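Text of start20.cif (mmCIF, N, CA, C and O atoms) as supplied:
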data_run
loop_
_atom_site.label_atom_id
_atom_site.label_comp_id
_atom_site.auth_asym_id
_atom_site.auth_seq_id
_atom_site.Cartn_x
_atom_site.Cartn_y
_atom_site.Cartn_z
N MET A 1 25.63 7.22 20.10
CA MET A 1 24.87 7.50 21.30
C MET A 1 25.61 8.57 22.10
O MET A 1 26.82 8.54 22.23
N THR A 2 24.87 9.51 22.64
CA THR A 2 25.44 10.62 23.39
C THR A 2 25.12 10.49 24.86
O THR A 2 24.00 10.14 25.24
N THR A 3 26.10 10.76 25.67
CA THR A 3 25.88 10.78 27.12
C THR A 3 25.71 12.22 27.56
O THR A 3 26.57 13.06 27.29
N LEU A 4 24.63 12.49 28.21
CA LEU A 4 24.35 13.84 28.69
C LEU A 4 24.91 14.04 30.09
O LEU A 4 25.11 13.08 30.83
N ASN A 5 25.16 15.28 30.43
CA ASN A 5 25.59 15.59 31.79
C ASN A 5 24.46 15.29 32.76
O ASN A 5 23.29 15.44 32.41
N PRO A 6 24.79 14.89 33.98
CA PRO A 6 23.73 14.66 34.96
C PRO A 6 23.05 15.98 35.32
O PRO A 6 23.66 17.04 35.19
N PRO A 7 21.81 15.91 35.74
CA PRO A 7 21.13 17.14 36.11
C PRO A 7 21.78 17.76 37.35
O PRO A 7 22.31 17.05 38.21
N GLY A 8 21.73 19.05 37.43
CA GLY A 8 22.28 19.74 38.59
C GLY A 8 21.36 19.59 39.79
O GLY A 8 20.16 19.34 39.66
N THR A 9 21.92 19.70 40.96
CA THR A 9 21.11 19.63 42.16
C THR A 9 21.14 20.98 42.86
O THR A 9 22.16 21.67 42.86
N ILE A 10 20.04 21.32 43.43
CA ILE A 10 19.94 22.57 44.17
C ILE A 10 19.95 22.25 45.65
O ILE A 10 19.13 21.45 46.12
N LYS A 11 20.87 22.83 46.37
CA LYS A 11 20.97 22.60 47.81
C LYS A 11 19.91 23.43 48.54
O LYS A 11 19.60 24.54 48.13
N PHE A 12 19.38 22.85 49.61
CA PHE A 12 18.44 23.60 50.44
C PHE A 12 19.19 24.67 51.22
O PHE A 12 20.31 24.44 51.69
N PRO A 13 18.60 25.86 51.41
CA PRO A 13 19.22 26.84 52.30
C PRO A 13 19.25 26.30 53.73
O PRO A 13 18.40 25.50 54.12
N ASP A 14 20.23 26.74 54.51
CA ASP A 14 20.40 26.23 55.87
C ASP A 14 19.21 26.52 56.78
O ASP A 14 19.04 25.86 57.80
N SER A 15 18.41 27.50 56.44
CA SER A 15 17.30 27.88 57.31
C SER A 15 16.04 27.04 57.09
O SER A 15 15.10 27.14 57.86
N THR A 16 16.03 26.16 56.09
CA THR A 16 14.83 25.38 55.81
C THR A 16 14.72 24.18 56.74
O THR A 16 15.72 23.67 57.25
N LEU A 17 13.51 23.72 56.94
CA LEU A 17 13.25 22.56 57.79
C LEU A 17 13.95 21.32 57.23
O LEU A 17 14.52 20.52 57.98
N GLU A 18 13.91 21.16 55.91
CA GLU A 18 14.54 20.01 55.28
C GLU A 18 16.02 19.92 55.64
O GLU A 18 16.52 18.87 56.05
N LYS A 19 16.72 21.03 55.48
CA LYS A 19 18.15 21.05 55.74
C LYS A 19 18.45 20.79 57.21
O LYS A 19 19.38 20.05 57.54
N LYS A 20 17.65 21.35 58.10
CA LYS A 20 17.85 21.13 59.53
C LYS A 20 17.70 19.66 59.89
O LYS A 20 18.50 19.10 60.65
N VAL A 21 16.68 19.01 59.34
CA VAL A 21 16.44 17.60 59.65
C VAL A 21 17.55 16.72 59.06
O VAL A 21 18.09 15.85 59.75
N TYR A 22 17.93 16.98 57.82
CA TYR A 22 19.00 16.18 57.20
C TYR A 22 20.33 16.40 57.92
O TYR A 22 21.13 15.46 58.04
N ASN A 23 20.59 17.60 58.42
CA ASN A 23 21.82 17.86 59.18
C ASN A 23 21.83 17.08 60.49
O ASN A 23 22.89 16.62 60.93
N ILE A 24 20.67 16.94 61.12
CA ILE A 24 20.59 16.14 62.35
C ILE A 24 20.98 14.70 62.05
O ILE A 24 21.76 14.09 62.79
N VAL A 25 20.45 14.16 60.98
CA VAL A 25 20.77 12.78 60.62
C VAL A 25 22.26 12.64 60.32
O VAL A 25 22.90 11.66 60.72
N GLU A 26 22.85 13.62 59.65
CA GLU A 26 24.28 13.58 59.34
C GLU A 26 25.15 13.61 60.59
O GLU A 26 26.27 13.10 60.57
N GLN A 27 24.65 14.18 61.68
CA GLN A 27 25.40 14.18 62.94
C GLN A 27 25.63 12.76 63.45
O GLN A 27 26.58 12.51 64.19
N PHE A 28 24.77 11.84 63.05
CA PHE A 28 24.85 10.46 63.52
C PHE A 28 25.40 9.53 62.45
O PHE A 28 25.12 8.34 62.44
N ALA A 29 26.24 10.06 61.57
CA ALA A 29 26.79 9.28 60.46
C ALA A 29 27.66 8.13 60.95
O ALA A 29 27.74 7.09 60.29
N GLU A 30 28.28 8.27 62.11
CA GLU A 30 29.10 7.17 62.62
C GLU A 30 28.25 5.96 63.00
O GLU A 30 28.74 4.83 62.99
N TYR A 31 27.00 6.18 63.33
CA TYR A 31 26.09 5.09 63.70
C TYR A 31 25.28 4.59 62.51
O TYR A 31 24.75 3.49 62.54
N ILE A 32 25.15 5.41 61.48
CA ILE A 32 24.41 5.04 60.27
C ILE A 32 25.39 5.20 59.10
O ILE A 32 25.46 6.25 58.46
N PRO A 33 26.18 4.14 58.82
CA PRO A 33 27.27 4.29 57.85
C PRO A 33 26.84 4.39 56.39
O PRO A 33 27.60 4.90 55.57
N VAL A 34 25.66 3.93 56.05
CA VAL A 34 25.23 3.90 54.65
C VAL A 34 24.53 5.22 54.29
O VAL A 34 23.57 5.63 54.94
N THR A 35 25.04 5.90 53.27
CA THR A 35 24.52 7.20 52.86
C THR A 35 23.03 7.13 52.51
O THR A 35 22.26 8.00 52.91
N ASN A 36 22.63 6.12 51.77
CA ASN A 36 21.22 5.99 51.40
C ASN A 36 20.33 5.81 52.62
O ASN A 36 19.20 6.29 52.64
N ASP A 37 20.83 5.10 53.63
CA ASP A 37 20.06 4.95 54.87
C ASP A 37 19.88 6.29 55.56
O ASP A 37 18.80 6.60 56.07
N ARG A 38 20.93 7.12 55.56
CA ARG A 38 20.81 8.45 56.17
C ARG A 38 19.80 9.30 55.40
O ARG A 38 18.99 10.01 56.01
N ASN A 39 19.85 9.23 54.08
CA ASN A 39 18.89 10.00 53.28
C ASN A 39 17.46 9.52 53.52
O ASN A 39 16.54 10.32 53.64
N ARG A 40 17.28 8.21 53.60
CA ARG A 40 15.95 7.65 53.83
C ARG A 40 15.42 8.05 55.20
O ARG A 40 14.27 8.44 55.35
N LEU A 41 16.30 7.99 56.22
CA LEU A 41 15.89 8.39 57.56
C LEU A 41 15.60 9.89 57.60
O LEU A 41 14.63 10.31 58.24
N GLY A 42 16.41 10.68 56.93
CA GLY A 42 16.16 12.12 56.87
C GLY A 42 14.80 12.43 56.29
O GLY A 42 14.07 13.29 56.80
N TYR A 43 14.44 11.72 55.23
CA TYR A 43 13.13 11.93 54.62
C TYR A 43 12.01 11.52 55.59
O TYR A 43 11.02 12.22 55.73
N CYS A 44 12.18 10.38 56.26
CA CYS A 44 11.17 9.93 57.23
C CYS A 44 10.99 10.95 58.35
O CYS A 44 9.86 11.25 58.76
N LEU A 45 12.09 11.49 58.84
CA LEU A 45 12.01 12.47 59.93
C LEU A 45 11.44 13.80 59.45
O LEU A 45 10.73 14.49 60.18
N PHE A 46 11.74 14.16 58.21
CA PHE A 46 11.14 15.37 57.63
C PHE A 46 9.63 15.22 57.56
O PHE A 46 8.88 16.13 57.89
N LYS A 47 9.16 14.05 57.13
CA LYS A 47 7.72 13.79 57.08
C LYS A 47 7.11 13.88 58.48
O LYS A 47 6.01 14.39 58.65
N LEU A 48 7.84 13.41 59.48
CA LEU A 48 7.37 13.51 60.87
C LEU A 48 7.20 14.96 61.27
O LEU A 48 6.18 15.34 61.86
N MET A 49 8.16 15.79 60.93
CA MET A 49 8.10 17.20 61.29
C MET A 49 6.96 17.92 60.57
O MET A 49 6.44 18.91 61.05
N LYS A 50 6.56 17.39 59.42
CA LYS A 50 5.43 17.96 58.68
C LYS A 50 4.09 17.40 59.17
O LYS A 50 3.05 17.79 58.67
N GLY A 51 4.15 16.47 60.13
CA GLY A 51 2.92 15.90 60.69
C GLY A 51 2.42 14.67 59.97
O GLY A 51 1.28 14.26 60.18
N GLU A 52 3.25 14.06 59.14
CA GLU A 52 2.80 12.92 58.34
C GLU A 52 3.54 11.63 58.63
O GLU A 52 3.17 10.59 58.10
N GLY A 53 4.60 11.65 59.42
CA GLY A 53 5.44 10.47 59.57
C GLY A 53 5.39 9.85 60.95
O GLY A 53 4.60 10.23 61.80
N ASP A 54 6.26 8.87 61.12
CA ASP A 54 6.36 8.13 62.37
C ASP A 54 7.52 8.68 63.21
O ASP A 54 8.46 9.25 62.68
N PRO A 55 7.46 8.46 64.54
CA PRO A 55 8.57 8.88 65.40
C PRO A 55 9.85 8.10 65.05
O PRO A 55 9.79 7.05 64.41
N PRO A 56 11.01 8.59 65.50
CA PRO A 56 12.28 7.96 65.13
C PRO A 56 12.36 6.47 65.45
O PRO A 56 12.90 5.70 64.66
N LYS A 57 11.82 6.06 66.58
CA LYS A 57 11.90 4.64 66.96
C LYS A 57 11.22 3.76 65.92
O LYS A 57 11.72 2.69 65.56
N VAL A 58 10.08 4.19 65.42
CA VAL A 58 9.34 3.44 64.41
C VAL A 58 10.03 3.58 63.04
O VAL A 58 10.18 2.60 62.30
N ALA A 59 10.46 4.79 62.71
CA ALA A 59 11.08 5.04 61.41
C ALA A 59 12.37 4.24 61.23
O ALA A 59 12.63 3.73 60.14
N LEU A 60 13.17 4.13 62.28
CA LEU A 60 14.42 3.37 62.18
C LEU A 60 14.15 1.91 61.83
O LEU A 60 14.89 1.30 61.06
N ARG A 61 13.09 1.37 62.39
CA ARG A 61 12.78 -0.04 62.13
C ARG A 61 12.04 -0.23 60.80
O ARG A 61 12.36 -1.12 60.02
N SER A 62 11.07 0.61 60.52
CA SER A 62 10.27 0.41 59.31
C SER A 62 11.06 0.73 58.04
O SER A 62 10.81 0.14 56.99
N ALA A 63 12.00 1.65 58.12
CA ALA A 63 12.82 1.99 56.95
C ALA A 63 14.03 1.06 56.81
O ALA A 63 14.82 1.20 55.89
N LYS A 64 14.18 0.13 57.77
CA LYS A 64 15.26 -0.85 57.76
C LYS A 64 16.63 -0.19 57.69
O LYS A 64 17.48 -0.52 56.87
N ILE A 65 16.83 0.79 58.58
CA ILE A 65 18.10 1.52 58.65
C ILE A 65 19.15 0.64 59.34
O ILE A 65 18.89 0.08 60.40
N LYS A 66 20.33 0.53 58.75
CA LYS A 66 21.42 -0.23 59.35
C LYS A 66 22.10 0.66 60.40
O LYS A 66 22.68 1.69 60.06
N VAL A 67 22.01 0.24 61.65
CA VAL A 67 22.59 1.00 62.77
C VAL A 67 23.75 0.20 63.34
O VAL A 67 23.62 -1.00 63.61
N VAL A 68 24.89 0.87 63.55
CA VAL A 68 26.11 0.22 64.02
C VAL A 68 26.63 0.94 65.26
O VAL A 68 26.71 2.17 65.28
N GLY A 69 26.98 0.19 66.30
CA GLY A 69 27.68 0.75 67.45
C GLY A 69 26.81 1.40 68.51
O GLY A 69 27.34 1.97 69.46
N ILE A 70 25.50 1.33 68.38
CA ILE A 70 24.60 1.93 69.35
C ILE A 70 23.26 1.20 69.25
O ILE A 70 22.85 0.81 68.15
N PRO A 71 22.59 0.98 70.38
CA PRO A 71 21.25 0.36 70.29
C PRO A 71 20.26 1.29 69.57
O PRO A 71 20.35 2.52 69.67
N ILE A 72 19.35 0.69 68.83
CA ILE A 72 18.38 1.48 68.06
C ILE A 72 17.56 2.38 68.97
O ILE A 72 17.28 3.53 68.63
N ASP A 73 17.18 1.88 70.15
CA ASP A 73 16.37 2.68 71.07
C ASP A 73 17.12 3.93 71.54
O ASP A 73 16.53 5.01 71.66
N GLU A 74 18.41 3.80 71.78
CA GLU A 74 19.20 4.96 72.22
C GLU A 74 19.35 5.98 71.09
O GLU A 74 19.22 7.19 71.30
N LEU A 75 19.61 5.49 69.88
CA LEU A 75 19.70 6.38 68.73
C LEU A 75 18.37 7.10 68.50
O LEU A 75 18.34 8.30 68.24
N ALA A 76 17.28 6.37 68.65
CA ALA A 76 15.95 6.97 68.48
C ALA A 76 15.71 8.07 69.51
O ALA A 76 15.18 9.14 69.17
N SER A 77 16.12 7.84 70.75
CA SER A 77 15.91 8.88 71.77
C SER A 77 16.79 10.10 71.51
O SER A 77 16.36 11.24 71.72
N ARG A 78 18.00 9.90 71.01
CA ARG A 78 18.88 11.03 70.67
C ARG A 78 18.30 11.83 69.49
O ARG A 78 18.32 13.06 69.51
N LEU A 79 17.80 11.11 68.49
CA LEU A 79 17.18 11.79 67.35
C LEU A 79 15.95 12.57 67.79
O LEU A 79 15.74 13.71 67.36
N ASP A 80 15.16 11.97 68.66
CA ASP A 80 13.95 12.64 69.15
C ASP A 80 14.30 13.93 69.89
O ASP A 80 13.65 14.96 69.71
N ALA A 81 15.36 13.88 70.71
CA ALA A 81 15.78 15.08 71.45
C ALA A 81 16.24 16.18 70.49
O ALA A 81 15.91 17.35 70.68
N GLU A 82 16.98 15.81 69.44
CA GLU A 82 17.43 16.79 68.46
C GLU A 82 16.25 17.39 67.69
O GLU A 82 16.24 18.59 67.41
N LEU A 83 15.27 16.56 67.36
CA LEU A 83 14.10 17.07 66.64
C LEU A 83 13.29 18.03 67.50
O LEU A 83 12.73 19.00 67.00
N LYS A 84 13.24 17.79 68.80
CA LYS A 84 12.54 18.71 69.69
C LYS A 84 13.24 20.06 69.73
O LYS A 84 12.58 21.09 69.87
N ASN A 85 14.57 20.07 69.60
CA ASN A 85 15.31 21.33 69.56
C ASN A 85 14.91 22.15 68.33
O ASN A 85 14.86 23.37 68.39
N ILE A 86 14.67 21.48 67.21
CA ILE A 86 14.24 22.19 66.00
C ILE A 86 12.87 22.81 66.23
O ILE A 86 12.65 23.98 65.92
N SER A 87 11.94 22.06 66.77
CA SER A 87 10.58 22.58 66.92
C SER A 87 10.52 23.70 67.95
O SER A 87 9.69 24.57 67.85
N VAL A 88 11.44 23.70 68.93
CA VAL A 88 11.48 24.78 69.90
C VAL A 88 12.03 26.05 69.24
O VAL A 88 11.51 27.14 69.44
N LYS A 89 13.06 25.90 68.40
CA LYS A 89 13.68 27.06 67.75
C LYS A 89 12.82 27.63 66.64
O LYS A 89 12.85 28.81 66.37
N SER A 90 12.09 26.77 65.94
CA SER A 90 11.30 27.23 64.78
C SER A 90 10.07 27.96 65.15
O SER A 90 9.50 27.91 66.14
#

What would the structure in this file look like if it were written as structure tokens?
Amino acid sequence: MTTLNPPGTIKFPDSTLEKKVYNIVEQFAEYIPVTNDRNRLGYCLFKLMKGEGDPPKVALRSAKIKVVGIPIDELASRLDAELKNISVKS
């Protein structure tokens, strides 16, 4: 049996909406310690920016994100403020 190399991954350019949203979530890594939770939240927020998702307060609860050291409502308001900065700049 042969083991193949894993597929390569292509990083998003810094100017894309995806990268901007995922970078915002990474800013809050101290409050969201699990990498998969950050990726899941990043995807939820990306869908929001595309007009298909829920606001951060709903996404944090529905995606069952583990939040440590800060109330969920405060984290949601901080995420919302950061997302508004993206939409103003874009």

All alpha helix (DSSP H) positions in chain A, as an mmCIF file with N, CA, C and O atoms, keeping the file's coordinate frame:
data_model
loop_
_atom_site.group_PDB
_atom_site.id
_atom_site.type_symbol
_atom_site.label_atom_id
_atom_site.label_comp_id
_atom_site.auth_asym_id
_atom_site.auth_seq_id
_atom_site.Cartn_x
_atom_site.Cartn_y
_atom_site.Cartn_z
ATOM 1 N N LEU A 17 13.510 23.720 56.940
ATOM 2 C CA LEU A 17 13.250 22.560 57.790
ATOM 3 C C LEU A 17 13.950 21.320 57.230
ATOM 4 O O LEU A 17 14.520 20.520 57.980
ATOM 5 N N GLU A 18 13.910 21.160 55.910
ATOM 6 C CA GLU A 18 14.540 20.010 55.280
ATOM 7 C C GLU A 18 16.020 19.920 55.640
ATOM 8 O O GLU A 18 16.520 18.870 56.050
ATOM 9 N N LYS A 19 16.720 21.030 55.480
ATOM 10 C CA LYS A 19 18.150 21.050 55.740
ATOM 11 C C LYS A 19 18.450 20.790 57.210
ATOM 12 O O LYS A 19 19.380 20.050 57.540
ATOM 13 N N LYS A 20 17.650 21.350 58.100
ATOM 14 C CA LYS A 20 17.850 21.130 59.530
ATOM 15 C C LYS A 20 17.700 19.660 59.890
ATOM 16 O O LYS A 20 18.500 19.100 60.650
ATOM 17 N N VAL A 21 16.680 19.010 59.340
ATOM 18 C CA VAL A 21 16.440 17.600 59.650
ATOM 19 C C VAL A 21 17.550 16.720 59.060
ATOM 20 O O VAL A 21 18.090 15.850 59.750
ATOM 21 N N TYR A 22 17.930 16.980 57.820
ATOM 22 C CA TYR A 22 19.000 16.180 57.200
ATOM 23 C C TYR A 22 20.330 16.400 57.920
ATOM 24 O O TYR A 22 21.130 15.460 58.040
ATOM 25 N N ASN A 23 20.590 17.600 58.420
ATOM 26 C CA ASN A 23 21.820 17.860 59.180
ATOM 27 C C ASN A 23 21.830 17.080 60.490
ATOM 28 O O ASN A 23 22.890 16.620 60.930
ATOM 29 N N ILE A 24 20.670 16.940 61.120
ATOM 30 C CA ILE A 24 20.590 16.140 62.350
ATOM 31 C C ILE A 24 20.980 14.700 62.050
ATOM 32 O O ILE A 24 21.760 14.090 62.790
ATOM 33 N N VAL A 25 20.450 14.160 60.980
ATOM 34 C CA VAL A 25 20.770 12.780 60.620
ATOM 35 C C VAL A 25 22.260 12.640 60.320
ATOM 36 O O VAL A 25 22.900 11.660 60.720
ATOM 37 N N GLU A 26 22.850 13.620 59.650
ATOM 38 C CA GLU A 26 24.280 13.580 59.340
ATOM 39 C C GLU A 26 25.150 13.610 60.590
ATOM 40 O O GLU A 26 26.270 13.100 60.570
ATOM 41 N N GLN A 27 24.650 14.180 61.680
ATOM 42 C CA GLN A 27 25.400 14.180 62.940
ATOM 43 C C GLN A 27 25.630 12.760 63.450
ATOM 44 O O GLN A 27 26.580 12.510 64.190
ATOM 45 N N THR A 35 25.040 5.900 53.270
ATOM 46 C CA THR A 35 24.520 7.200 52.860
ATOM 47 C C THR A 35 23.030 7.130 52.510
ATOM 48 O O THR A 35 22.260 8.000 52.910
ATOM 49 N N ASN A 36 22.630 6.120 51.770
ATOM 50 C CA ASN A 36 21.220 5.990 51.400
ATOM 51 C C ASN A 36 20.330 5.810 52.620
ATOM 52 O O ASN A 36 19.200 6.290 52.640
ATOM 53 N N ASP A 37 20.830 5.100 53.630
ATOM 54 C CA ASP A 37 20.060 4.950 54.870
ATOM 55 C C ASP A 37 19.880 6.290 55.560
ATOM 56 O O ASP A 37 18.800 6.600 56.070
ATOM 57 N N ARG A 38 20.930 7.120 55.560
ATOM 58 C CA ARG A 38 20.810 8.450 56.170
ATOM 59 C C ARG A 38 19.800 9.300 55.400
ATOM 60 O O ARG A 38 18.990 10.010 56.010
ATOM 61 N N ASN A 39 19.850 9.230 54.080
ATOM 62 C CA ASN A 39 18.890 10.000 53.280
ATOM 63 C C ASN A 39 17.460 9.520 53.520
ATOM 64 O O ASN A 39 16.540 10.320 53.640
ATOM 65 N N ARG A 40 17.280 8.210 53.600
ATOM 66 C CA ARG A 40 15.950 7.650 53.830
ATOM 67 C C ARG A 40 15.420 8.050 55.200
ATOM 68 O O ARG A 40 14.270 8.440 55.350
ATOM 69 N N LEU A 41 16.300 7.990 56.220
ATOM 70 C CA LEU A 41 15.890 8.390 57.560
ATOM 71 C C LEU A 41 15.600 9.890 57.600
ATOM 72 O O LEU A 41 14.630 10.310 58.240
ATOM 73 N N GLY A 42 16.410 10.680 56.930
ATOM 74 C CA GLY A 42 16.160 12.120 56.870
ATOM 75 C C GLY A 42 14.800 12.430 56.290
ATOM 76 O O GLY A 42 14.070 13.290 56.800
ATOM 77 N N TYR A 43 14.440 11.720 55.230
ATOM 78 C CA TYR A 43 13.130 11.930 54.620
ATOM 79 C C TYR A 43 12.010 11.520 55.590
ATOM 80 O O TYR A 43 11.020 12.220 55.730
ATOM 81 N N CYS A 44 12.180 10.380 56.260
ATOM 82 C CA CYS A 44 11.170 9.930 57.230
ATOM 83 C C CYS A 44 10.990 10.950 58.350
ATOM 84 O O CYS A 44 9.860 11.250 58.760
ATOM 85 N N LEU A 45 12.090 11.490 58.840
ATOM 86 C CA LEU A 45 12.010 12.470 59.930
ATOM 87 C C LEU A 45 11.440 13.800 59.450
ATOM 88 O O LEU A 45 10.730 14.490 60.180
ATOM 89 N N PHE A 46 11.740 14.160 58.210
ATOM 90 C CA PHE A 46 11.140 15.370 57.630
ATOM 91 C C PHE A 46 9.630 15.220 57.560
ATOM 92 O O PHE A 46 8.880 16.130 57.890
ATOM 93 N N LYS A 47 9.160 14.050 57.130
ATOM 94 C CA LYS A 47 7.720 13.790 57.080
ATOM 95 C C LYS A 47 7.110 13.880 58.480
ATOM 96 O O LYS A 47 6.010 14.390 58.650
ATOM 97 N N LEU A 48 7.840 13.410 59.480
ATOM 98 C CA LEU A 48 7.370 13.510 60.870
ATOM 99 C C LEU A 48 7.200 14.960 61.270
ATOM 100 O O LEU A 48 6.180 15.340 61.860
ATOM 101 N N MET A 49 8.160 15.790 60.930
ATOM 102 C CA MET A 49 8.100 17.200 61.290
ATOM 103 C C MET A 49 6.960 17.920 60.570
ATOM 104 O O MET A 49 6.440 18.910 61.050
ATOM 105 N N PRO A 56 11.010 8.590 65.500
ATOM 106 C CA PRO A 56 12.280 7.960 65.130
ATOM 107 C C PRO A 56 12.360 6.470 65.450
ATOM 108 O O PRO A 56 12.900 5.700 64.660
ATOM 109 N N LYS A 57 11.820 6.060 66.580
ATOM 110 C CA LYS A 57 11.900 4.640 66.960
ATOM 111 C C LYS A 57 11.220 3.760 65.920
ATOM 112 O O LYS A 57 11.720 2.690 65.560
ATOM 113 N N VAL A 58 10.080 4.190 65.420
ATOM 114 C CA VAL A 58 9.340 3.440 64.410
ATOM 115 C C VAL A 58 10.030 3.580 63.040
ATOM 116 O O VAL A 58 10.180 2.600 62.300
ATOM 117 N N ALA A 59 10.460 4.790 62.710
ATOM 118 C CA ALA A 59 11.080 5.040 61.410
ATOM 119 C C ALA A 59 12.370 4.240 61.230
ATOM 120 O O ALA A 59 12.630 3.730 60.140
ATOM 121 N N LEU A 60 13.170 4.130 62.280
ATOM 122 C CA LEU A 60 14.420 3.370 62.180
ATOM 123 C C LEU A 60 14.150 1.910 61.830
ATOM 124 O O LEU A 60 14.890 1.300 61.060
ATOM 125 N N ARG A 61 13.090 1.370 62.390
ATOM 126 C CA ARG A 61 12.780 -0.040 62.130
ATOM 127 C C ARG A 61 12.040 -0.230 60.800
ATOM 128 O O ARG A 61 12.360 -1.120 60.020
ATOM 129 N N SER A 62 11.070 0.610 60.520
ATOM 130 C CA SER A 62 10.270 0.410 59.310
ATOM 131 C C SER A 62 11.060 0.730 58.040
ATOM 132 O O SER A 62 10.810 0.140 56.990
ATOM 133 N N ILE A 72 19.350 0.690 68.830
ATOM 134 C CA ILE A 72 18.380 1.480 68.060
ATOM 135 C C ILE A 72 17.560 2.380 68.970
ATOM 136 O O ILE A 72 17.280 3.530 68.630
ATOM 137 N N ASP A 73 17.180 1.880 70.150
ATOM 138 C CA ASP A 73 16.370 2.680 71.070
ATOM 139 C C ASP A 73 17.120 3.930 71.540
ATOM 140 O O ASP A 73 16.530 5.010 71.660
ATOM 141 N N GLU A 74 18.410 3.800 71.780
ATOM 142 C CA GLU A 74 19.200 4.960 72.220
ATOM 143 C C GLU A 74 19.350 5.980 71.090
ATOM 144 O O GLU A 74 19.220 7.190 71.300
ATOM 145 N N LEU A 75 19.610 5.490 69.880
ATOM 146 C CA LEU A 75 19.700 6.380 68.730
ATOM 147 C C LEU A 75 18.370 7.100 68.500
ATOM 148 O O LEU A 75 18.340 8.300 68.240
ATOM 149 N N ALA A 76 17.280 6.370 68.650
ATOM 150 C CA ALA A 76 15.950 6.970 68.480
ATOM 151 C C ALA A 76 15.710 8.070 69.510
ATOM 152 O O ALA A 76 15.180 9.140 69.170
ATOM 153 N N SER A 77 16.120 7.840 70.750
ATOM 154 C CA SER A 77 15.910 8.880 71.770
ATOM 155 C C SER A 77 16.790 10.100 71.510
ATOM 156 O O SER A 77 16.360 11.240 71.720
ATOM 157 N N ARG A 78 18.000 9.900 71.010
ATOM 158 C CA ARG A 78 18.880 11.030 70.670
ATOM 159 C C ARG A 78 18.300 11.830 69.490
ATOM 160 O O ARG A 78 18.320 13.060 69.510
ATOM 161 N N LEU A 79 17.800 11.110 68.490
ATOM 162 C CA LEU A 79 17.180 11.790 67.350
ATOM 163 C C LEU A 79 15.950 12.570 67.790
ATOM 164 O O LEU A 79 15.740 13.710 67.360
ATOM 165 N N ASP A 80 15.160 11.970 68.660
ATOM 166 C CA ASP A 80 13.950 12.640 69.150
ATOM 167 C C ASP A 80 14.300 13.930 69.890
ATOM 168 O O ASP A 80 13.650 14.960 69.710
ATOM 169 N N ALA A 81 15.360 13.880 70.710
ATOM 170 C CA ALA A 81 15.780 15.080 71.450
ATOM 171 C C ALA A 81 16.240 16.180 70.490
ATOM 172 O O ALA A 81 15.910 17.350 70.680
ATOM 173 N N GLU A 82 16.980 15.810 69.440
ATOM 174 C CA GLU A 82 17.430 16.790 68.460
ATOM 175 C C GLU A 82 16.250 17.390 67.690
ATOM 176 O O GLU A 82 16.240 18.590 67.410
ATOM 177 N N LEU A 83 15.270 16.560 67.360
ATOM 178 C CA LEU A 83 14.100 17.070 66.640
ATOM 179 C C LEU A 83 13.290 18.030 67.500
ATOM 180 O O LEU A 83 12.730 19.000 67.000
ATOM 181 N N LYS A 84 13.240 17.790 68.800
ATOM 182 C CA LYS A 84 12.540 18.710 69.690
ATOM 183 C C LYS A 84 13.240 20.060 69.730
ATOM 184 O O LYS A 84 12.580 21.090 69.870
ATOM 185 N N ASN A 85 14.570 20.070 69.600
ATOM 186 C CA ASN A 85 15.310 21.330 69.560
ATOM 187 C C ASN A 85 14.910 22.150 68.330
ATOM 188 O O ASN A 85 14.860 23.370 68.390
ATOM 189 N N ILE A 86 14.670 21.480 67.210
ATOM 190 C CA ILE A 86 14.240 22.190 66.000
ATOM 191 C C ILE A 86 12.870 22.810 66.230
ATOM 192 O O ILE A 86 12.650 23.980 65.920
ATOM 193 N N SER A 87 11.940 22.060 66.770
ATOM 194 C CA SER A 87 10.580 22.580 66.920
ATOM 195 C C SER A 87 10.520 23.700 67.950
ATOM 196 O O SER A 87 9.690 24.570 67.850
ATOM 197 N N VAL A 88 11.440 23.700 68.930
ATOM 198 C CA VAL A 88 11.480 24.780 69.900
ATOM 199 C C VAL A 88 12.030 26.050 69.240
ATOM 200 O O VAL A 88 11.510 27.140 69.440
ATOM 201 N N LYS A 89 13.060 25.900 68.400
ATOM 202 C CA LYS A 89 13.680 27.060 67.750
ATOM 203 C C LYS A 89 12.820 27.630 66.640
ATOM 204 O O LYS A 89 12.850 28.810 66.370
#

Applied to the shown file, which residues does the PyMOL selection byres (((chain A and resi 17 and name CA) around 10) and name CA) return, written as a list of chain:residue names?
A:Phe12, A:Pro13, A:Asp14, A:Ser15, A:Thr16, A:Glu18, A:Lys19, A:Lys20, A:Val21, A:Tyr22, A:Asn23, A:Phe46, A:Met49, A:Lys50, A:Ile86, A:Ser87, A:Ser90

Go ahead and compute the interatomic distance for atom O of A:Val58 and atom C of A:Cys44, in Å to one decimal.
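Distance between the two atoms: 9.3 Å.
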
Tell me which protein, DNA and RNA residues are within 10 Å of A:Lys57, counting only C-alpha atoms, leaving out same-chain ones fewer than 6 positions away, and put them as a list in words.
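In the requested format, the answer is Ile72, Asp73, Glu74, Leu75, Ala76, Ser77, Leu79 and Asp80 of chain A.
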
May I ask for the distance between atom CA of A:Asn39 and atom CA of A:Glu26, given in Å to one decimal place?
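Result for atom CA of A:Asn39 versus atom CA of A:Glu26: 8.9 Å, one decimal.
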
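Applied to the shown file, the PyMOL selection byres ((chain A and resi 66) around 8) selects the residues Phe28, Ala29, Glu30, Tyr31, Ile32, Pro33, Val34, Asp37, Arg38, Leu60, Ala63, Lys64, Ile65, Val67, Val68, Gly69 and Ile70 of chain A.
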
Between atom CA of A:Val25 and atom CA of A:Lys84, distance in Å (one decimal)
13.6 Å

Pick out the closest residue to A:Leu41 from this set: A:Lys11, A:Thr2, A:Glu82, A:Asp54. Count all atoms listed in the file.
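Of the candidates, the smallest distance to A:Leu41 is held by A:Asp54.
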
Identify which of the residues A:Ala59, A:Ile24, A:Leu48, A:Ile10 lies closest to A:Arg78, counting only C-alpha atoms when measuring atom-to-atom distances.
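Under the stated criterion, the closest residue is A:Ile24.
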